[in-house]
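Q: Here it is, the structure, as structure tokens.
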Amino acid sequence: MKKITIIGSGFSSLAASCYLAKNGFDVTIFEKNDQIGGRARQLKANGFTFDMGPSWYWMPDVFERFFNDFGKSASDYYKLEKLNPAYTVCFGKNDFITIEDTLEKIKAEFERVEKGSSIKLQKFIGDALDNYNIAIKEVVYRPGVSPLELVTPKTVKKVGQFFSTISKSVRKDFKNVKLISLLEFPVLFLGAKPSNTPAFYNFMNYADFGLGTFYPENGMYSIIEGISGLAKSLGVKIKTNQNVTEISTNNKTVTGIKVNDEFIKSDIVLSGADYHHSEKLLPENLRQYSEKYWDKKTFAPSSLLFYLGIDKKLKNINHHMLFFDTDFRKHAEEIYDEPKWPSEPLFYANFPSLTDKNAAPEGKETAFFLVPIAPDLEDTEELREKYYNIVLNRFEELTNQNIKSDVIYKKSFCVEDFKSEYNSYKGNAYGMANTLTQTAFLRPKLRSKKVKNLYFTGQLTVPGPGMPPSLISGKLVAGLILKDIK
Ligand SMILES: Cc1cc2nc3c(=O)[nH]c(=O)nc-3n(C[C@H](O)[C@H](O)[C@H](O)COP(=O)(O)OP(=O)(O)OC[C@H]3O[C@@H](n4cnc5c(N)ncnc54)[C@H](O)[C@@H]3O)c2cc1C
């Protein structure tokens with residue numbers, strides 16, 4: 001039985017482990033932290049439960065397709081609830097737009113804001129559905145080995161959309177700035193500015209308005225528990241507190257890894273840790289990508305996060321809330337064009353205890369605040385505290401309540417934590433952005449070109465950032481390994 005060692009226990013590693021174990025490999029996962037899940041870890045403190053990373057469950061079909069590959073369904077592992085409202089966007093004091101759970105209701109809300117926009121929205125989402133069917137059902141399941149993978153009779157018809165941007169296509173149909181922000185928001189998950197993201201990626205709008213926003217009972221960590229449960233049932237061994245310090249080779253072929261000073265012999269090594277870090281585990285001459293290569297790439301933002309336990313129930317909140325009451329473009333420029341701490345940050349707040357009574361003790365609220373920032377910014381306690389006050393003061397003002405005096409648990413997480421906890425390049429939160437020049441075959445490769453039997457997976461590879469793409473990445477790399485072994 002071939003022995004395969006996997007570095008890291010994020011979505012992509014866990015997914016790959018399932019496919020490989022199912023196909024007869026002896027699979028062991030080595031995770032440096034004391035908990036599995038990678039960026040989707042869970043934090044429990046003082047009776048509060050926090051999902052540390054992902055909070056938006058989009059594209060339920062991708063999760064379902066993953067479990068179906070093993071004769072299972074997501075519902076065998078966790079119960080999903082479709083959120084209504086899906087989310088609320090705050091544009092200023094008493095100025096909110098709430099996105100509900102059906103396209104009909106969302107169209108009515110658009111019509112309220114801009115007359116005639118509901119018909120345009122119907123058409124826009126129809127086109128987005130078309131792209132969703134091409135992208136998510138077909139193209140993203142190709143391993144990024146050759147540009148020809150992208151050429152299909154359906155994609156050829158859409159070629160123009162690769163050379164226009166989301167920003168342009170949204171502005172062609174919609175004039176109201178709030179509706180424009182709403183339609184530009186979903187591609188932020190792909191890690192780049194809407195003005196730098198191909199129009200074809202409007203399939204994210206279908207994921208948002210067409211499919212909706214879900215929440216797994218007991219939180220996002222239920223997904224990690226589900227997938228790792230499946231992996232274990234297939235025979236995968238998962239080890240935590242295992243910091244891999246070397247990918248060992250002989251004659252340009254993998255021989256194993258070094259972890260806690262021990263050599264673990266392996267026929268194949270697959271790394272789901274950040275790609276840049278993974279290659280640093282090799283001697284320089286066996287790395288495929290130089291420091292210059294990484295430095296030139298557009299990375300998805302890092303984030304300043306606050307996990308807060310609140311000693312009361314809050315009012316005027318929803319499960320997901322986006323605070324777009326400041327200039328969207330300016331903040332984006334301060335992330336991508338002239339990296340610096342944002343002068344007037346947009347931010348996101350999440351209150352899982354509204355949906356999930358286990359997330360907080362009775363009568364209390366679990367809150368998570370996120371400010372997207374440029375990777376590799378200076379990160380100090382003073383700066384974190386400064387932004388804590390900016391964000392919470394704005395939140396108090398906009399939702400008309402005090403909260404700071406009721407915070408009984410507080411933990412922050414920022415650039416330096418992303419680096420130390422996940423070995424993340426420049427402290428990025430969700431990998432490498434999906435821009436035109438960083439799409440599909442133009443992304444870092446799943447298979448090493450320099451070392452035999454060495455593979456990579458995760459959000460820096462194909463198809464890109466997010467839980468669904470990471471699951472798909474795990475499937476793609478496992479497929480490639482199986483093909484190579486035959
Ligand atoms: C704050 C935040 C919010 C997000 N929100 C969403 C969302 O709402 N919806 C969504 O779909 N996605 C979201 N994402 C993105 C999503 O979480 C990621 O795309 C996905 O989890 C990445 O999975 P991965 O497999 O690539 O790797 P990771 O989760 O990064 O896992 C890599 C693992 O490798 C381990 N590792 C690193 N170095 C070593 C080493 N030397 N030895 C052993 N182990 C090592 C790390 O500890 C880590 O566990 C969010 C991410 C963040 C950070």
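Naming works like this for the structure tokens: A, B, ... for the chains as they're shown, residue 1 at the start of each chain, ligands 1 onward in shown order.
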Pick out the residues no farther than 6 Å from ligand 1, counting only C-alpha atoms and all ligand atoms, and list them as an NGL selection string.

A: :A and (7-13 or 30-33 or 37-40 or 53-57 or 242-245 or 272-273 or 421-423 or 429-430 or 458-459 or 465-468 or 470)

Q: Next, the residues of the selection above should be written as a PDB file, in the first residue's frame with C-alpha atoms.

A:
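What follows is the written file selection.pdb:
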ATOM      1  CA  ILE A   7       0.918  18.472   5.500  1.00  0.00           C
ATOM      2  CA  GLY A   8      -1.869  20.523   7.126  1.00  0.00           C
ATOM      3  CA  SER A   9      -5.491  19.784   7.923  1.00  0.00           C
ATOM      4  CA  GLY A  10      -7.432  22.553   6.145  1.00  0.00           C
ATOM      5  CA  PHE A  11     -10.385  21.871   3.844  1.00  0.00           C
ATOM      6  CA  SER A  12      -8.205  20.930   0.879  1.00  0.00           C
ATOM      7  CA  SER A  13      -5.998  18.494   2.817  1.00  0.00           C
ATOM      8  CA  PHE A  30       0.332  16.062  10.002  1.00  0.00           C
ATOM      9  CA  GLU A  31      -1.037  19.336  11.421  1.00  0.00           C
ATOM     10  CA  LYS A  32       1.165  21.816  13.273  1.00  0.00           C
ATOM     11  CA  ASN A  33      -1.607  23.244  15.463  1.00  0.00           C
ATOM     12  CA  GLY A  37      -9.365  22.674  10.321  1.00  0.00           C
ATOM     13  CA  GLY A  38      -6.723  25.250   9.399  1.00  0.00           C
ATOM     14  CA  ARG A  39      -8.248  28.678   8.886  1.00  0.00           C
ATOM     15  CA  ALA A  40     -11.632  27.168   9.747  1.00  0.00           C
ATOM     16  CA  GLY A  53     -12.434  31.891   9.881  1.00  0.00           C
ATOM     17  CA  PRO A  54     -15.221  31.146   7.416  1.00  0.00           C
ATOM     18  CA  SER A  55     -18.739  32.153   8.351  1.00  0.00           C
ATOM     19  CA  TRP A  56     -20.551  32.281   4.979  1.00  0.00           C
ATOM     20  CA  TYR A  57     -21.735  28.873   3.754  1.00  0.00           C
ATOM     21  CA  GLN A 242       3.118  18.042  14.250  1.00  0.00           C
ATOM     22  CA  ASN A 243       5.123  20.904  12.802  1.00  0.00           C
ATOM     23  CA  VAL A 244       6.675  19.717   9.550  1.00  0.00           C
ATOM     24  CA  THR A 245      10.143  21.250   9.184  1.00  0.00           C
ATOM     25  CA  GLY A 272      -2.001  21.739   1.949  1.00  0.00           C
ATOM     26  CA  ALA A 273      -0.068  24.380   3.895  1.00  0.00           C
ATOM     27  CA  GLU A 421      -0.445  30.104  13.320  1.00  0.00           C
ATOM     28  CA  TYR A 422      -0.727  29.089   9.654  1.00  0.00           C
ATOM     29  CA  ASN A 423       2.683  29.955   8.123  1.00  0.00           C
ATOM     30  CA  ALA A 429      -6.180  35.497   5.280  1.00  0.00           C
ATOM     31  CA  TYR A 430      -7.522  33.727   2.227  1.00  0.00           C
ATOM     32  CA  GLY A 458      -5.267  24.554  -1.085  1.00  0.00           C
ATOM     33  CA  GLN A 459      -6.393  28.086  -1.623  1.00  0.00           C
ATOM     34  CA  PRO A 465      -9.804  30.890  -2.126  1.00  0.00           C
ATOM     35  CA  GLY A 466     -12.871  29.837  -0.121  1.00  0.00           C
ATOM     36  CA  MET A 467     -14.189  26.613   1.396  1.00  0.00           C
ATOM     37  CA  PRO A 468     -15.866  25.265  -1.780  1.00  0.00           C
ATOM     38  CA  SER A 470     -10.532  24.324  -1.294  1.00  0.00           C
TER      39      SER A 470
END

Q: Extract, using only C-alpha atoms, all DNA, RNA and protein residues at most 9 Å from Thr102 (chain A), discarding same-chain residues fewer than 2 positions from it, and format them as a count of residues only.

A: 11

Q: So the first atom is CA of Leu270 (chain A) and the second is CA of Leu454 (chain A); what is the distance between them in Å, to one decimal place?

A: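 Distance between the two atoms: 5.9 Å.
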
Q: Taking 3 positions as the minimum chain separation for residues in the same chain, which residues sit within 12 Å of Glu397 (chain A) when counting only C-alpha atoms? Answer as a ChimeraX atom specification.

A: /A:90,92-94,316,323,325,389-394,400-404

Q: Export, as a compact mmCIF listing (two decimals), in the first residue's frame, the selected residues with C-alpha atoms.

A:
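File produced: result_10.txt:
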# COMPACT_ATOMS: atom_id res chain seq x y z
CA CYS A 90 -25.63 49.08 6.45
CA GLY A 92 -25.43 54.70 7.22
CA LYS A 93 -27.59 55.51 10.20
CA ASN A 94 -31.07 54.03 9.61
CA ASN A 316 -30.94 45.74 15.54
CA PHE A 323 -20.97 47.90 7.17
CA ASP A 325 -21.13 53.17 5.32
CA ASN A 389 -12.42 51.45 18.96
CA ILE A 390 -13.11 52.75 15.45
CA VAL A 391 -15.19 49.70 14.52
CA LEU A 392 -17.09 49.34 17.78
CA ASN A 393 -17.87 53.05 18.03
CA ARG A 394 -19.29 52.96 14.51
CA ASN A 400 -28.11 52.48 18.29
CA GLN A 401 -26.79 50.63 21.35
CA ASN A 402 -23.83 50.30 23.69
CA ILE A 403 -21.74 47.20 23.39
CA LYS A 404 -18.17 48.01 24.49

Q: Give the alpha helix (DSSP H) residues of region 131-169 of chain A, as assigned by DSSP on the backbone, as an MDAnalysis selection string.

A: chainID A and resid 131:135 153:157 159:162 166:169

Q: Identify which of the residues A:Glu279, A:Glu396, A:Glu334, A:Asp274 lies closest to Ser248 (chain A), counting only C-alpha atoms when measuring atom-to-atom distances.

A: A:Glu279

Q: Neighbours of region 275-278 of chain A within 8 Å (only C-alpha atoms; same-chain residues fewer than 6 positions away dropped), as number ranges by chain?

A: A: 294, 423-425, 444, 456-457, 460-461

Q: Using DSSP assignments from the backbone, pull out every residue in region 43-151 of chain A that falls under strand (DSSP E or B) and give it to me as an MDAnalysis selection string.

A: chainID A and resid 43:45 48:51 57 80:82 87:92 95:99
